[in-house]
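S.K.: See run21.pdb below, with PDB, C-alpha atoms.
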```pdb
ATOM      1  CA  MET J   1      96.497  45.526 254.231
ATOM      2  CA  LYS J   2      96.774  43.781 257.613
ATOM      3  CA  ILE J   3      93.515  42.768 259.282
ATOM      4  CA  ILE J   4      92.788  43.773 262.882
ATOM      5  CA  PHE J   5      89.894  42.492 264.999
ATOM      6  CA  VAL J   6      88.776  44.687 267.903
ATOM      7  CA  VAL J   7      86.529  42.971 270.450
ATOM      8  CA  ASP J   8      84.993  45.093 273.204
ATOM      9  CA  ASP J   9      81.510  45.244 274.756
ATOM     10  CA  SER J  10      81.655  49.054 274.658
ATOM     11  CA  ALA J  11      80.462  50.602 271.403
ATOM     12  CA  VAL J  12      82.292  53.814 272.316
ATOM     13  CA  ASN J  13      85.621  51.973 272.595
ATOM     14  CA  LEU J  14      85.007  50.223 269.282
ATOM     15  CA  ILE J  15      84.337  53.509 267.514
ATOM     16  CA  LYS J  16      87.470  55.052 268.991
ATOM     17  CA  ALA J  17      89.587  52.057 267.997
ATOM     18  CA  LYS J  18      88.220  52.022 264.451
ATOM     19  CA  GLN J  19      88.890  55.751 264.029
ATOM     20  CA  ALA J  20      92.456  55.253 265.284
ATOM     21  CA  LEU J  21      93.250  52.287 263.046
ATOM     22  CA  ASP J  22      91.284  53.000 259.877
ATOM     23  CA  GLY J  23      93.461  53.857 256.914
ATOM     24  CA  GLN J  24      96.410  51.839 258.167
ATOM     25  CA  TYR J  25      94.618  48.552 258.775
ATOM     26  CA  ASP J  26      91.497  46.713 257.697
ATOM     27  CA  VAL J  27      89.512  46.899 260.946
ATOM     28  CA  PHE J  28      86.614  44.690 262.075
ATOM     29  CA  THR J  29      84.857  45.591 265.327
ATOM     30  CA  MET J  30      82.737  43.222 267.431
ATOM     31  CA  LEU J  31      80.753  43.625 270.641
ATOM     32  CA  SER J  32      81.262  40.055 271.855
ATOM     33  CA  ALA J  33      83.551  37.042 271.629
ATOM     34  CA  ALA J  34      80.726  35.027 270.097
ATOM     35  CA  LYS J  35      80.547  37.401 267.131
ATOM     36  CA  MET J  36      84.317  37.226 266.751
ATOM     37  CA  PHE J  37      84.344  33.411 266.625
ATOM     38  CA  SER J  38      81.566  33.521 264.050
ATOM     39  CA  LEU J  39      83.624  35.865 261.862
ATOM     40  CA  LEU J  40      86.766  33.750 262.376
ATOM     41  CA  GLU J  41      85.079  31.021 260.331
ATOM     42  CA  LYS J  42      85.425  33.323 257.317
ATOM     43  CA  ILE J  43      88.335  35.680 258.061
ATOM     44  CA  THR J  44      91.662  35.205 259.839
ATOM     45  CA  PRO J  45      93.041  38.439 261.315
ATOM     46  CA  ASP J  46      96.696  39.325 261.703
ATOM     47  CA  LEU J  47      96.104  40.585 265.250
ATOM     48  CA  ILE J  48      93.278  40.812 267.801
ATOM     49  CA  LEU J  49      92.680  43.628 270.291
ATOM     50  CA  LEU J  50      90.624  41.976 273.031
ATOM     51  CA  ASP J  51      88.812  43.456 276.007
ATOM     52  CA  ILE J  52      89.100  41.459 279.243
ATOM     53  CA  GLU J  53      85.935  42.559 281.062
ATOM     54  CA  MET J  54      83.098  41.278 278.849
ATOM     55  CA  PRO J  55      79.826  39.513 279.725
ATOM     56  CA  GLU J  56      79.113  35.891 278.733
ATOM     57  CA  MET J  57      82.727  35.135 277.698
ATOM     58  CA  ASP J  58      85.479  37.336 279.118
ATOM     59  CA  GLY J  59      88.852  37.961 277.534
ATOM     60  CA  PHE J  60      90.626  35.161 279.404
ATOM     61  CA  ALA J  61      88.112  32.517 278.312
ATOM     62  CA  THR J  62      88.203  33.903 274.771
ATOM     63  CA  LEU J  63      91.989  33.724 274.584
ATOM     64  CA  LYS J  64      91.991  30.178 275.963
ATOM     65  CA  LYS J  65      89.535  29.099 273.262
ATOM     66  CA  LEU J  66      91.639  30.769 270.570
ATOM     67  CA  ARG J  67      94.755  28.923 271.719
ATOM     68  CA  GLU J  68      92.968  25.551 271.738
ATOM     69  CA  ASP J  69      92.269  25.748 267.999
ATOM     70  CA  GLU J  70      95.231  25.111 265.701
ATOM     71  CA  LEU J  71      93.803  27.522 263.134
ATOM     72  CA  THR J  72      93.718  30.485 265.562
ATOM     73  CA  ALA J  73      96.402  29.544 268.083
ATOM     74  CA  GLN J  74      99.119  31.706 266.506
ATOM     75  CA  ILE J  75      97.116  34.938 266.130
ATOM     76  CA  PRO J  76      98.728  37.559 268.402
ATOM     77  CA  VAL J  77      96.325  38.945 271.008
ATOM     78  CA  ILE J  78      96.732  42.267 272.817
ATOM     79  CA  PHE J  79      94.496  42.770 275.835
ATOM     80  CA  LEU J  80      92.601  46.013 276.349
ATOM     81  CA  THR J  81      91.809  46.561 280.023
ATOM     82  CA  ALA J  82      90.859  49.291 282.456
ATOM     83  CA  PHE J  83      92.085  47.139 285.347
ATOM     84  CA  SER J  84      95.684  46.010 285.413
ATOM     85  CA  ASP J  85      97.462  44.126 288.175
ATOM     86  CA  GLU J  86     100.296  41.623 288.419
ATOM     87  CA  ALA J  87      98.032  38.582 288.844
ATOM     88  CA  ARG J  88      95.940  39.437 285.782
ATOM     89  CA  GLU J  89      98.963  40.127 283.625
ATOM     90  CA  SER J  90     100.643  36.891 284.717
ATOM     91  CA  HIS J  91      97.500  34.870 283.934
ATOM     92  CA  ALA J  92      97.139  36.523 280.537
ATOM     93  CA  LEU J  93     100.751  35.856 279.599
ATOM     94  CA  GLU J  94     100.363  32.224 280.652
ATOM     95  CA  LEU J  95      97.409  31.946 278.281
ATOM     96  CA  GLY J  96      99.439  33.461 275.441
ATOM     97  CA  ALA J  97      98.658  37.195 275.316
ATOM     98  CA  VAL J  98     101.471  39.224 273.750
ATOM     99  CA  ASP J  99     100.797  42.607 275.378
ATOM    100  CA  PHE J 100      98.492  44.859 277.443
ATOM    101  CA  ILE J 101      97.088  48.279 276.591
ATOM    102  CA  ALA J 102      95.407  50.284 279.329
ATOM    103  CA  LYS J 103      92.028  51.934 278.736
ATOM    104  CA  PRO J 104      91.341  54.679 277.966
ATOM    105  CA  PHE J 105      94.099  54.121 275.422
ATOM    106  CA  SER J 106      96.434  56.548 273.690
ATOM    107  CA  VAL J 107      96.172  56.356 269.882
ATOM    108  CA  PRO J 108      99.950  56.705 269.259
ATOM    109  CA  ILE J 109     100.677  53.960 271.807
ATOM    110  CA  VAL J 110      98.105  51.623 270.273
ATOM    111  CA  LEU J 111      99.521  52.175 266.787
ATOM    112  CA  ARG J 112     103.101  51.628 267.942
ATOM    113  CA  ARG J 113     102.265  48.462 269.916
ATOM    114  CA  ILE J 114     100.331  46.990 266.992
ATOM    115  CA  ALA J 115     103.116  47.802 264.517
ATOM    116  CA  ASN J 116     105.718  46.214 266.805
ATOM    117  CA  HIS J 117     103.778  42.990 267.304
ATOM    118  CA  LEU J 118     102.859  42.663 263.647
ATOM    119  CA  HIS J 119     106.546  42.999 262.786
ATOM    120  CA  ILE J 120     107.500  40.379 265.374
ATOM    121  CA  ASN J 121     104.763  38.081 264.146
ATOM    122  CA  GLU J 122     105.990  38.469 260.564
ATOM    123  CA  LEU J 123     109.492  37.452 261.638
ATOM    124  CA  ILE J 124     108.064  34.451 263.498
ATOM    125  CA  LYS J 125     106.042  33.427 260.430
ATOM    126  CA  LYS J 126     109.132  33.552 258.215
ATOM    127  CA  ARG J 127     111.119  31.504 260.718
ATOM    128  CA  THR J 128     108.246  29.032 261.029
ATOM    129  CA  GLU J 129     108.046  28.709 257.244
ATOM    130  CA  ARG J 130     111.764  27.898 257.109
ATOM    131  CA  ILE J 131     111.353  25.279 259.849
ATOM    132  CA  GLU J 132     108.301  23.804 258.113
ATOM    133  CA  GLN J 133     110.215  23.612 254.839
ATOM    134  CA  LEU J 134     113.030  21.785 256.616
ATOM    135  CA  GLN J 135     110.480  19.485 258.237
ATOM    136  CA  ASN J 136     108.838  18.829 254.878
ATOM    137  CA  ASN J 137     112.177  17.941 253.326
ATOM    138  CA  ILE J 138     112.905  15.515 256.173
ATOM    139  CA  VAL J 139     109.505  13.880 255.667
ATOM    140  CA  PHE J 140     110.141  13.437 251.954
ATOM    141  CA  VAL J 141     113.536  11.887 252.675
ATOM    142  CA  LEU J 142     112.104   9.472 255.279
ATOM    143  CA  ALA J 143     109.144   8.527 253.082
ATOM    144  CA  ASP J 144     111.427   8.018 250.090
ATOM    145  CA  MET J 145     113.785   5.879 252.165
ATOM    146  CA  VAL J 146     110.893   3.580 253.049
ATOM    147  CA  GLU J 147     109.510   3.431 249.534
ATOM    148  CA  ASN J 148     112.922   2.898 247.932
ATOM    149  CA  ARG J 149     113.559  -0.062 250.229
ATOM    150  CA  ASP J 150     110.094  -1.545 249.667
ATOM    151  CA  LYS J 151     110.317  -2.475 245.988
ATOM    152  CA  VAL J 152     106.764  -3.825 245.772
ATOM    153  CA  THR J 153     104.809  -0.732 246.902
ATOM    154  CA  SER J 154     105.849   1.911 244.373
ATOM    155  CA  GLY J 155     103.704   5.057 244.617
ATOM    156  CA  HIS J 156     101.972   3.877 247.805
ATOM    157  CA  VAL J 157     102.933   6.909 249.902
ATOM    158  CA  GLU J 158     101.810   9.398 247.260
ATOM    159  CA  ARG J 159      98.516   7.625 246.602
ATOM    160  CA  THR J 160      97.555   7.086 250.235
ATOM    161  CA  SER J 161      98.217  10.770 250.963
ATOM    162  CA  GLU J 162      95.810  11.713 248.177
ATOM    163  CA  TYR J 163      93.236   9.183 249.410
ATOM    164  CA  ILE J 164      93.472  10.739 252.873
ATOM    165  CA  LYS J 165      92.917  14.196 251.402
ATOM    166  CA  VAL J 166      89.693  13.335 249.554
ATOM    167  CA  LEU J 167      88.432  11.220 252.465
ATOM    168  CA  ILE J 168      88.950  14.087 254.930
ATOM    169  CA  GLU J 169      87.210  16.476 252.538
ATOM    170  CA  GLY J 170      84.295  14.061 252.253
ATOM    171  CA  MET J 171      84.032  13.737 256.035
ATOM    172  CA  GLN J 172      84.022  17.504 256.424
ATOM    173  CA  GLU J 173      81.356  17.952 253.752
ATOM    174  CA  GLN J 174      79.150  15.321 255.388
ATOM    175  CA  GLY J 175      79.786  16.446 258.967
ATOM    176  CA  VAL J 176      81.353  13.143 260.085
ATOM    177  CA  TYR J 177      83.502  13.312 263.247
ATOM    178  CA  MET J 178      83.640  17.108 263.030
ATOM    179  CA  GLU J 179      84.215  17.464 266.774
ATOM    180  CA  GLU J 180      87.261  15.176 266.669
ATOM    181  CA  MET J 181      88.617  17.032 263.644
ATOM    182  CA  ASN J 182      88.065  20.452 265.186
ATOM    183  CA  GLY J 183      91.253  22.467 264.763
ATOM    184  CA  TRP J 184      92.853  20.033 262.314
ATOM    185  CA  ASN J 185      94.784  21.594 259.468
ATOM    186  CA  LYS J 186      94.049  19.408 256.431
ATOM    187  CA  ASP J 187      97.334  20.196 254.677
ATOM    188  CA  ILE J 188      99.391  19.276 257.744
ATOM    189  CA  LEU J 189      97.302  16.143 258.245
ATOM    190  CA  VAL J 190      97.740  14.961 254.662
ATOM    191  CA  PHE J 191     101.465  15.599 254.700
ATOM    192  CA  SER J 192     101.982  13.779 257.994
ATOM    193  CA  ALA J 193     100.205  10.742 256.500
ATOM    194  CA  ARG J 194     103.312  10.210 254.366
ATOM    195  CA  LEU J 195     105.024   8.801 257.471
ATOM    196  CA  HIS J 196     102.454   6.077 258.203
ATOM    197  CA  ASP J 197     104.858   3.314 257.086
ATOM    198  CA  VAL J 198     108.073   4.894 258.391
ATOM    199  CA  GLY J 199     108.495   1.907 260.733
ATOM    200  CA  LYS J 200     109.328  -0.288 257.744
ATOM    201  CA  ILE J 201     112.827   1.191 257.997
ATOM    202  CA  ALA J 202     113.354  -1.303 260.831
ATOM    203  CA  ILE J 203     112.173  -4.318 258.807
ATOM    204  CA  SER J 204     114.720  -6.574 257.092
ATOM    205  CA  ASP J 205     115.005  -6.281 253.294
ATOM    206  CA  ILE J 206     114.627 -10.055 253.122
ATOM    207  CA  ILE J 207     111.115  -9.789 254.550
ATOM    208  CA  LEU J 208     110.211  -6.414 253.059
ATOM    209  CA  ASN J 209     110.982  -7.490 249.504
ATOM    210  CA  LYS J 210     110.183 -11.184 249.685
ATOM    211  CA  PRO J 211     108.692 -12.209 246.293
ATOM    212  CA  ASP J 212     106.353 -14.741 247.919
ATOM    213  CA  LYS J 213     103.689 -14.573 250.578
ATOM    214  CA  LEU J 214     105.137 -14.131 254.066
ATOM    215  CA  THR J 215     105.215 -17.045 256.478
ATOM    216  CA  PRO J 216     103.325 -16.584 259.783
ATOM    217  CA  GLU J 217     106.636 -15.916 261.526
ATOM    218  CA  GLU J 218     107.689 -13.350 258.920
ATOM    219  CA  PHE J 219     104.288 -11.678 259.075
ATOM    220  CA  GLU J 220     104.673 -11.253 262.851
ATOM    221  CA  ILE J 221     107.938  -9.424 262.194
ATOM    222  CA  MET J 222     106.322  -7.293 259.492
ATOM    223  CA  LYS J 223     103.549  -6.333 261.920
ATOM    224  CA  THR J 224     106.106  -4.655 264.186
ATOM    225  CA  HIS J 225     106.439  -1.791 261.673
ATOM    226  CA  SER J 226     103.479  -0.059 263.328
ATOM    227  CA  GLN J 227     105.153   0.072 266.735
ATOM    228  CA  GLU J 228     108.507   0.890 265.168
ATOM    229  CA  GLY J 229     106.935   3.785 263.269
ATOM    230  CA  GLU J 230     105.404   5.179 266.425
ATOM    231  CA  ARG J 231     108.734   4.758 268.236
ATOM    232  CA  ILE J 232     110.602   6.649 265.508
ATOM    233  CA  VAL J 233     108.137   9.551 265.583
ATOM    234  CA  ASN J 234     108.285   9.602 269.406
ATOM    235  CA  GLN J 235     112.069   9.912 269.196
ATOM    236  CA  ILE J 236     111.689  12.923 266.918
ATOM    237  CA  ILE J 237     109.134  14.422 269.333
ATOM    238  CA  ALA J 238     111.499  13.906 272.274
ATOM    239  CA  ARG J 239     114.147  15.972 270.489
ATOM    240  CA  THR J 240     112.020  18.632 268.833
ATOM    241  CA  GLY J 241     108.789  18.885 270.844
ATOM    242  CA  GLU J 242     105.334  17.721 269.830
ATOM    243  CA  GLY J 243     103.530  19.742 267.185
ATOM    244  CA  MET J 244     100.343  18.821 265.350
ATOM    245  CA  PHE J 245     102.355  17.486 262.411
ATOM    246  CA  LEU J 246     104.197  14.926 264.538
ATOM    247  CA  ARG J 247     101.110  14.126 266.600
ATOM    248  CA  HIS J 248      99.220  13.183 263.429
ATOM    249  CA  ALA J 249     102.230  11.240 262.119
ATOM    250  CA  LYS J 250     102.456   9.228 265.339
ATOM    251  CA  PHE J 251      98.810   8.191 265.154
ATOM    252  CA  PHE J 252      99.018   7.364 261.448
ATOM    253  CA  ALA J 253     102.109   5.219 262.005
ATOM    254  CA  GLY J 254     101.026   3.445 265.163
ATOM    255  CA  TYR J 255      97.333   2.788 264.586
ATOM    256  CA  HIS J 256      96.588   2.231 260.895
ATOM    257  CA  HIS J 257      96.432  -1.556 261.348
ATOM    258  CA  GLU J 258      93.990  -1.517 264.267
ATOM    259  CA  HIS J 259      90.548  -2.920 263.434
ATOM    260  CA  TRP J 260      87.156  -1.540 264.423
ATOM    261  CA  ASN J 261      86.252  -4.927 265.969
ATOM    262  CA  GLY J 262      89.433  -5.089 268.072
ATOM    263  CA  LYS J 263      91.142  -7.797 266.018
ATOM    264  CA  GLY J 264      93.881  -5.633 264.524
ATOM    265  CA  TYR J 265      97.393  -4.862 265.760
ATOM    266  CA  PRO J 266      99.533  -3.883 267.587
ATOM    267  CA  ARG J 267      97.242  -3.047 270.538
ATOM    268  CA  ASN J 268      93.956  -4.766 269.600
ATOM    269  CA  LEU J 269      92.109  -1.505 270.152
ATOM    270  CA  LYS J 270      88.412  -1.417 269.375
ATOM    271  CA  GLY J 271      85.974   1.143 267.967
ATOM    272  CA  LEU J 272      86.410   4.745 269.036
ATOM    273  CA  ASN J 273      89.429   3.812 271.161
ATOM    274  CA  ILE J 274      91.389   3.801 267.888
ATOM    275  CA  PRO J 275      92.628   7.329 267.083
ATOM    276  CA  LEU J 276      90.699   8.835 264.174
ATOM    277  CA  GLN J 277      93.865   9.153 262.099
ATOM    278  CA  GLY J 278      94.342   5.391 262.287
ATOM    279  CA  ARG J 279      90.712   4.685 261.331
ATOM    280  CA  ILE J 280      90.992   6.953 258.296
ATOM    281  CA  MET J 281      94.332   5.564 257.137
ATOM    282  CA  ALA J 282      93.062   1.984 257.503
ATOM    283  CA  ILE J 283      90.700   2.469 254.562
ATOM    284  CA  ALA J 284      93.228   4.337 252.402
ATOM    285  CA  ASP J 285      95.938   1.755 253.113
ATOM    286  CA  VAL J 286      93.774  -1.294 252.379
ATOM    287  CA  TYR J 287      92.273   0.196 249.216
ATOM    288  CA  ASP J 288      95.743   0.787 247.814
ATOM    289  CA  ALA J 289      97.003  -2.652 248.857
ATOM    290  CA  VAL J 290      94.002  -4.419 247.323
ATOM    291  CA  THR J 291      94.207  -2.539 244.005
ATOM    292  CA  SER J 292      97.997  -2.917 243.676
ATOM    293  CA  GLU J 293      99.831  -5.845 242.147
ATOM    294  CA  ARG J 294     102.238  -7.773 244.332
ATOM    295  CA  PRO J 295     104.676 -10.571 243.395
ATOM    296  CA  TYR J 296     102.335 -13.046 245.081
ATOM    297  CA  LYS J 297      98.979 -11.640 243.860
ATOM    298  CA  LYS J 298      97.289  -9.760 241.047
ATOM    299  CA  ALA J 299      95.742  -6.324 241.513
ATOM    300  CA  PHE J 300      92.037  -6.400 242.319
ATOM    301  CA  SER J 301      89.672  -4.106 240.445
ATOM    302  CA  HIS J 302      88.313  -0.911 241.930
ATOM    303  CA  GLU J 303      84.875  -2.522 242.192
ATOM    304  CA  GLU J 304      86.314  -5.480 244.086
ATOM    305  CA  ALA J 305      88.127  -3.155 246.475
ATOM    306  CA  VAL J 306      84.903  -1.247 247.136
ATOM    307  CA  ARG J 307      83.102  -4.551 247.802
ATOM    308  CA  ILE J 308      85.785  -5.677 250.277
ATOM    309  CA  ILE J 309      85.766  -2.382 252.164
ATOM    310  CA  THR J 310      81.954  -2.367 252.266
ATOM    311  CA  GLU J 311      81.840  -5.897 253.661
ATOM    312  CA  GLU J 312      84.422  -4.997 256.308
ATOM    313  CA  ALA J 313      82.418  -2.025 257.643
ATOM    314  CA  ASP J 314      81.883  -2.543 261.381
ATOM    315  CA  LYS J 315      84.569  -5.269 261.318
ATOM    316  CA  GLN J 316      87.903  -3.937 260.087
ATOM    317  CA  PHE J 317      86.721  -0.404 259.346
ATOM    318  CA  ASP J 318      84.803   2.386 261.059
ATOM    319  CA  PRO J 319      81.323   2.157 259.458
ATOM    320  CA  LYS J 320      80.822   5.937 259.409
ATOM    321  CA  ILE J 321      84.036   6.451 257.457
ATOM    322  CA  VAL J 322      83.110   3.592 255.109
ATOM    323  CA  ASP J 323      79.827   5.422 254.375
ATOM    324  CA  VAL J 324      81.825   8.506 253.406
ATOM    325  CA  PHE J 325      84.198   6.412 251.298
ATOM    326  CA  LEU J 326      81.277   4.971 249.329
ATOM    327  CA  THR J 327      80.118   8.452 248.329
ATOM    328  CA  ILE J 328      83.581   9.483 247.039
ATOM    329  CA  GLN J 329      85.001   6.143 245.892
ATOM    330  CA  GLU J 330      85.258   7.341 242.276
ATOM    331  CA  LYS J 331      87.844   9.861 243.451
ATOM    332  CA  PHE J 332      89.891   6.927 244.805
ATOM    333  CA  ARG J 333      89.669   5.280 241.392
ATOM    334  CA  ASN J 334      90.891   8.456 239.679
ATOM    335  CA  ILE J 335      93.853   8.775 242.035
ATOM    336  CA  LYS J 336      94.799   5.140 241.502
ATOM    337  CA  GLU J 337      94.684   5.570 237.740
ATOM    338  CA  THR J 338      96.832   8.719 237.717
ATOM    339  CA  ILE J 339      99.535   8.045 240.362
TER     340      ILE J 339
END
```
Produce structure tokens that represent the structure in this file.
M.R.:
Amino acid sequence: MKIIFVVDDSAVNLIKAKQALDGQYDVFTMLSAAKMFSLLEKITPDLILLDIEMPEMDGFATLKKLREDELTAQIPVIFLTAFSDEARESHALELGAVDFIAKPFSVPIVLRRIANHLHINELIKKRTERIEQLQNNIVFVLADMVENRDKVTSGHVERTSEYIKVLIEGMQEQGVYMEEMNGWNKDILVFSARLHDVGKIAISDIILNKPDKLTPEEFEIMKTHSQEGERIVNQIIARTGEGMFLRHAKFFAGYHHEHWNGKGYPRNLKGLNIPLQGRIMAIADVYDAVTSERPYKKAFSHEEAVRIITEEADKQFDPKIVDVFLTIQEKFRNIKETI
């Protein structure tokens, strides 16, 4: 059964709405936007009926806040209002409202409007799922192209994606950088991490698969993969529009070699000026590089990798994220041993 939220500061209106919708929908009524946002932490509705004239936070401010969060941005919102004019309707549509219903409302009209918008939303969801599946397939192809060319990093993309997943989960559990991660979809984030090395497509096979340690000149060329990766993702954005998936991918690709102390590349960014995605990937990327065998070096042990990352806290790595890593480092070991 579809879930409907009704938000109105009038108890009478809430009772009337619940009586009209009960039996056809699972209805939750709330007297304020604050109560709705509290419930949204546990339940995601299929549609929201939202009063405009409310104290503390009115309908416009509520809708704006909904649209700012990736997790609630796509929920269709129908405004309930006793006052309707062209300026209000225009503002509401700009914010993303899908319809207006005048109060006092007619039950048949409310039911028909809800049914119509739920049907439209279902069609949009199916279309979005098809687009996301296409996008996912493209990501796999790009990631595989990189990994198939780079003969010395087998399994790197898969492992780093899993490292990112457990690191994000650890940060969420420990409340680290929660404000920056507000609205992030973990699944989208983890999947976009697969493109962090996409810029290696532009690197010569001679350098990419060299069996010996790179010369300083060759290393400078290798370093350009960060900028190339960001450029590639920006080209995709220019053609398709920027969504959260591509935004994450751009930051993973362009910033995962920046260092907390400003001595990384390509921009020599320092501290919090480095996008969070880059600071997270830095740890996942280095852990996998250190614990993997290369033609010019042996694989270091898990313990040695942990020691290196610990010593580089506040130098190469964000110290807060290192603290999280240390509490979940056994999960990194397990991933390394299984992938």
S.K.: Give me the residues near J:Ala143 as a list in words, where near means some atom within 8 Å (using all atoms listed in the file) and where sequence neighbours in that chain fewer than 2 positions away do not count.
M.R.: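 My reading of the contact set: Val139, Phe140, Val141, Met145, Val146, Glu147, Val157, Arg194, Leu195, Asp197 and Val198 of chain J.
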S.K.: Restrict the selected residues to C-alpha atoms and save them as a compact mmCIF listing (two decimals), keeping the file's coordinate frame.
M.R.:
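Writing done, so here's selection.txt:
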```
# COMPACT_ATOMS: atom_id res chain seq x y z
CA VAL J 139 109.50 13.88 255.67
CA PHE J 140 110.14 13.44 251.95
CA VAL J 141 113.54 11.89 252.68
CA MET J 145 113.78 5.88 252.16
CA VAL J 146 110.89 3.58 253.05
CA GLU J 147 109.51 3.43 249.53
CA VAL J 157 102.93 6.91 249.90
CA ARG J 194 103.31 10.21 254.37
CA LEU J 195 105.02 8.80 257.47
CA ASP J 197 104.86 3.31 257.09
CA VAL J 198 108.07 4.89 258.39
```
S.K.: Tell me which residues the PyMOL selection byres ((chain J and resi 107) around 9) grabs here, as a PyMOL selection string.
M.R.: chain J and resi 16-17+20-21+105-106+108-112
S.K.: So that I can check the surroundings of J:Trp260, please list as a ChimeraX atom specification every protein, DNA and RNA residue that reaches within 8 Å of it, counting all atoms listed in the file and ignoring chain neighbours fewer than 6 positions away.
M.R.: /J:269-272,274,279,314-318
S.K.: May I have the residues from that selection written out with C-alpha atoms, as a PDB file, keeping the file's coordinate frame?
M.R.:
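Result saved to selection23.pdb:
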```
ATOM      1  CA  LEU J 269      92.109  -1.505 270.152  1.00  0.00           C
ATOM      2  CA  LYS J 270      88.412  -1.417 269.375  1.00  0.00           C
ATOM      3  CA  GLY J 271      85.974   1.143 267.967  1.00  0.00           C
ATOM      4  CA  LEU J 272      86.410   4.745 269.036  1.00  0.00           C
ATOM      5  CA  ILE J 274      91.389   3.801 267.888  1.00  0.00           C
ATOM      6  CA  ARG J 279      90.712   4.685 261.331  1.00  0.00           C
ATOM      7  CA  ASP J 314      81.883  -2.543 261.381  1.00  0.00           C
ATOM      8  CA  LYS J 315      84.569  -5.269 261.318  1.00  0.00           C
ATOM      9  CA  GLN J 316      87.903  -3.937 260.087  1.00  0.00           C
ATOM     10  CA  PHE J 317      86.721  -0.404 259.346  1.00  0.00           C
ATOM     11  CA  ASP J 318      84.803   2.386 261.059  1.00  0.00           C
TER      12      ASP J 318
END
```
S.K.: When distances are computed from all atoms listed in the file, which of J:Lys298, J:Arg149, J:Lys35, J:His256 shows the smallest separation from J:Lys200?
M.R.: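 Of the candidates, the smallest distance to J:Lys200 is held by J:Arg149.
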S.K.: Go through the shown structure with the PyMOL selection byres ((chain J and resi 328-333) around 12) and write out the matching residues as a PyMOL selection string.
M.R.: chain J and resi 159-171+173-174+283-288+291-292+300-307+309-310+321-327+334-339
S.K.: To verify the selection step, state as number ranges by chain which residues the PyMOL selection byres ((chain J and resi 103) around 10) yields on this input.
M.R.: J: 13, 51, 79-84, 100-102, 104-106
S.K.: Go ahead and save the picked residues with C-alpha atoms, as a PDB file, keeping the file's coordinate frame.
M.R.:
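Here's the written file out_26.pdb:
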```
ATOM      1  CA  ASN J  13      85.621  51.973 272.595  1.00  0.00           C
ATOM      2  CA  ASP J  51      88.812  43.456 276.007  1.00  0.00           C
ATOM      3  CA  PHE J  79      94.496  42.770 275.835  1.00  0.00           C
ATOM      4  CA  LEU J  80      92.601  46.013 276.349  1.00  0.00           C
ATOM      5  CA  THR J  81      91.809  46.561 280.023  1.00  0.00           C
ATOM      6  CA  ALA J  82      90.859  49.291 282.456  1.00  0.00           C
ATOM      7  CA  PHE J  83      92.085  47.139 285.347  1.00  0.00           C
ATOM      8  CA  SER J  84      95.684  46.010 285.413  1.00  0.00           C
ATOM      9  CA  PHE J 100      98.492  44.859 277.443  1.00  0.00           C
ATOM     10  CA  ILE J 101      97.088  48.279 276.591  1.00  0.00           C
ATOM     11  CA  ALA J 102      95.407  50.284 279.329  1.00  0.00           C
ATOM     12  CA  PRO J 104      91.341  54.679 277.966  1.00  0.00           C
ATOM     13  CA  PHE J 105      94.099  54.121 275.422  1.00  0.00           C
ATOM     14  CA  SER J 106      96.434  56.548 273.690  1.00  0.00           C
TER      15      SER J 106
END
```
S.K.: The centre and edge lengths of an axis-aligned box containing all atoms of stretch 28-43 of chain J present in the file, extended by 6 Å on each side, are to be given in Å to one decimal, as JSON.
M.R.:
```
{"center_x": 84.4, "center_y": 38.3, "center_z": 264.6, "size_x": 19.8, "size_y": 26.6, "size_z": 26.5}
```
S.K.: Can you tell me how far atom CA of J:Asn209 sits from atom CA of J:Pro295, in Å to one decimal?
M.R.: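 Atom-to-atom, atom CA of J:Asn209 to atom CA of J:Pro295, that is 9.3 Å.
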S.K.: What's the separation between atom CA of J:Met1 and atom CA of J:Leu118, in Å to one decimal place?
M.R.: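 The value is 11.7 Å.
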S.K.: Could you tell me how far atom CA of J:Ile232 sits from atom CA of J:Phe252, in Å to one decimal place?
M.R.: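 Here the two named atoms are 12.3 Å from each other.
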S.K.: Please provide the set of residues having any atom within 8 Å of J:Val6, restricted to all atoms listed in the file, with same-chain residues fewer than 4 positions apart removed, written as a ChimeraX atom specification.
M.R.: /J:14,17,27-30,48-50
S.K.: List as a list in words the protein and nucleic acid residues near J:Glu132, meaning an atom at most 12 Å away when only C-alpha atoms are counted, but skip any in the same chain fewer than 4 places from it.
M.R.: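 Neighbouring residues, sequence-local ones excluded: Ile124, Lys125, Lys126, Arg127, Thr128, Asn136, Asn137, Ile138, Val139, Ile188, Phe191, Ser192, Gly243, Met244, Phe245 and Leu246 of chain J.
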S.K.: Could you pull the residues within 10 Å of J:Lys223, counting all atoms listed in the file, minus those fewer than 3 positions along the same chain, as a PyMOL selection string?
M.R.: chain J and resi 199-200+203+218-220+226-228+257+265-266
S.K.: Between J:Ile114, J:Asn234, J:His156, J:Ile221, which one has atoms that come closest to J:Val290, using only C-alpha atoms?
M.R.: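 Among the listed residues, the smallest separation from J:Val290 belongs to J:His156.
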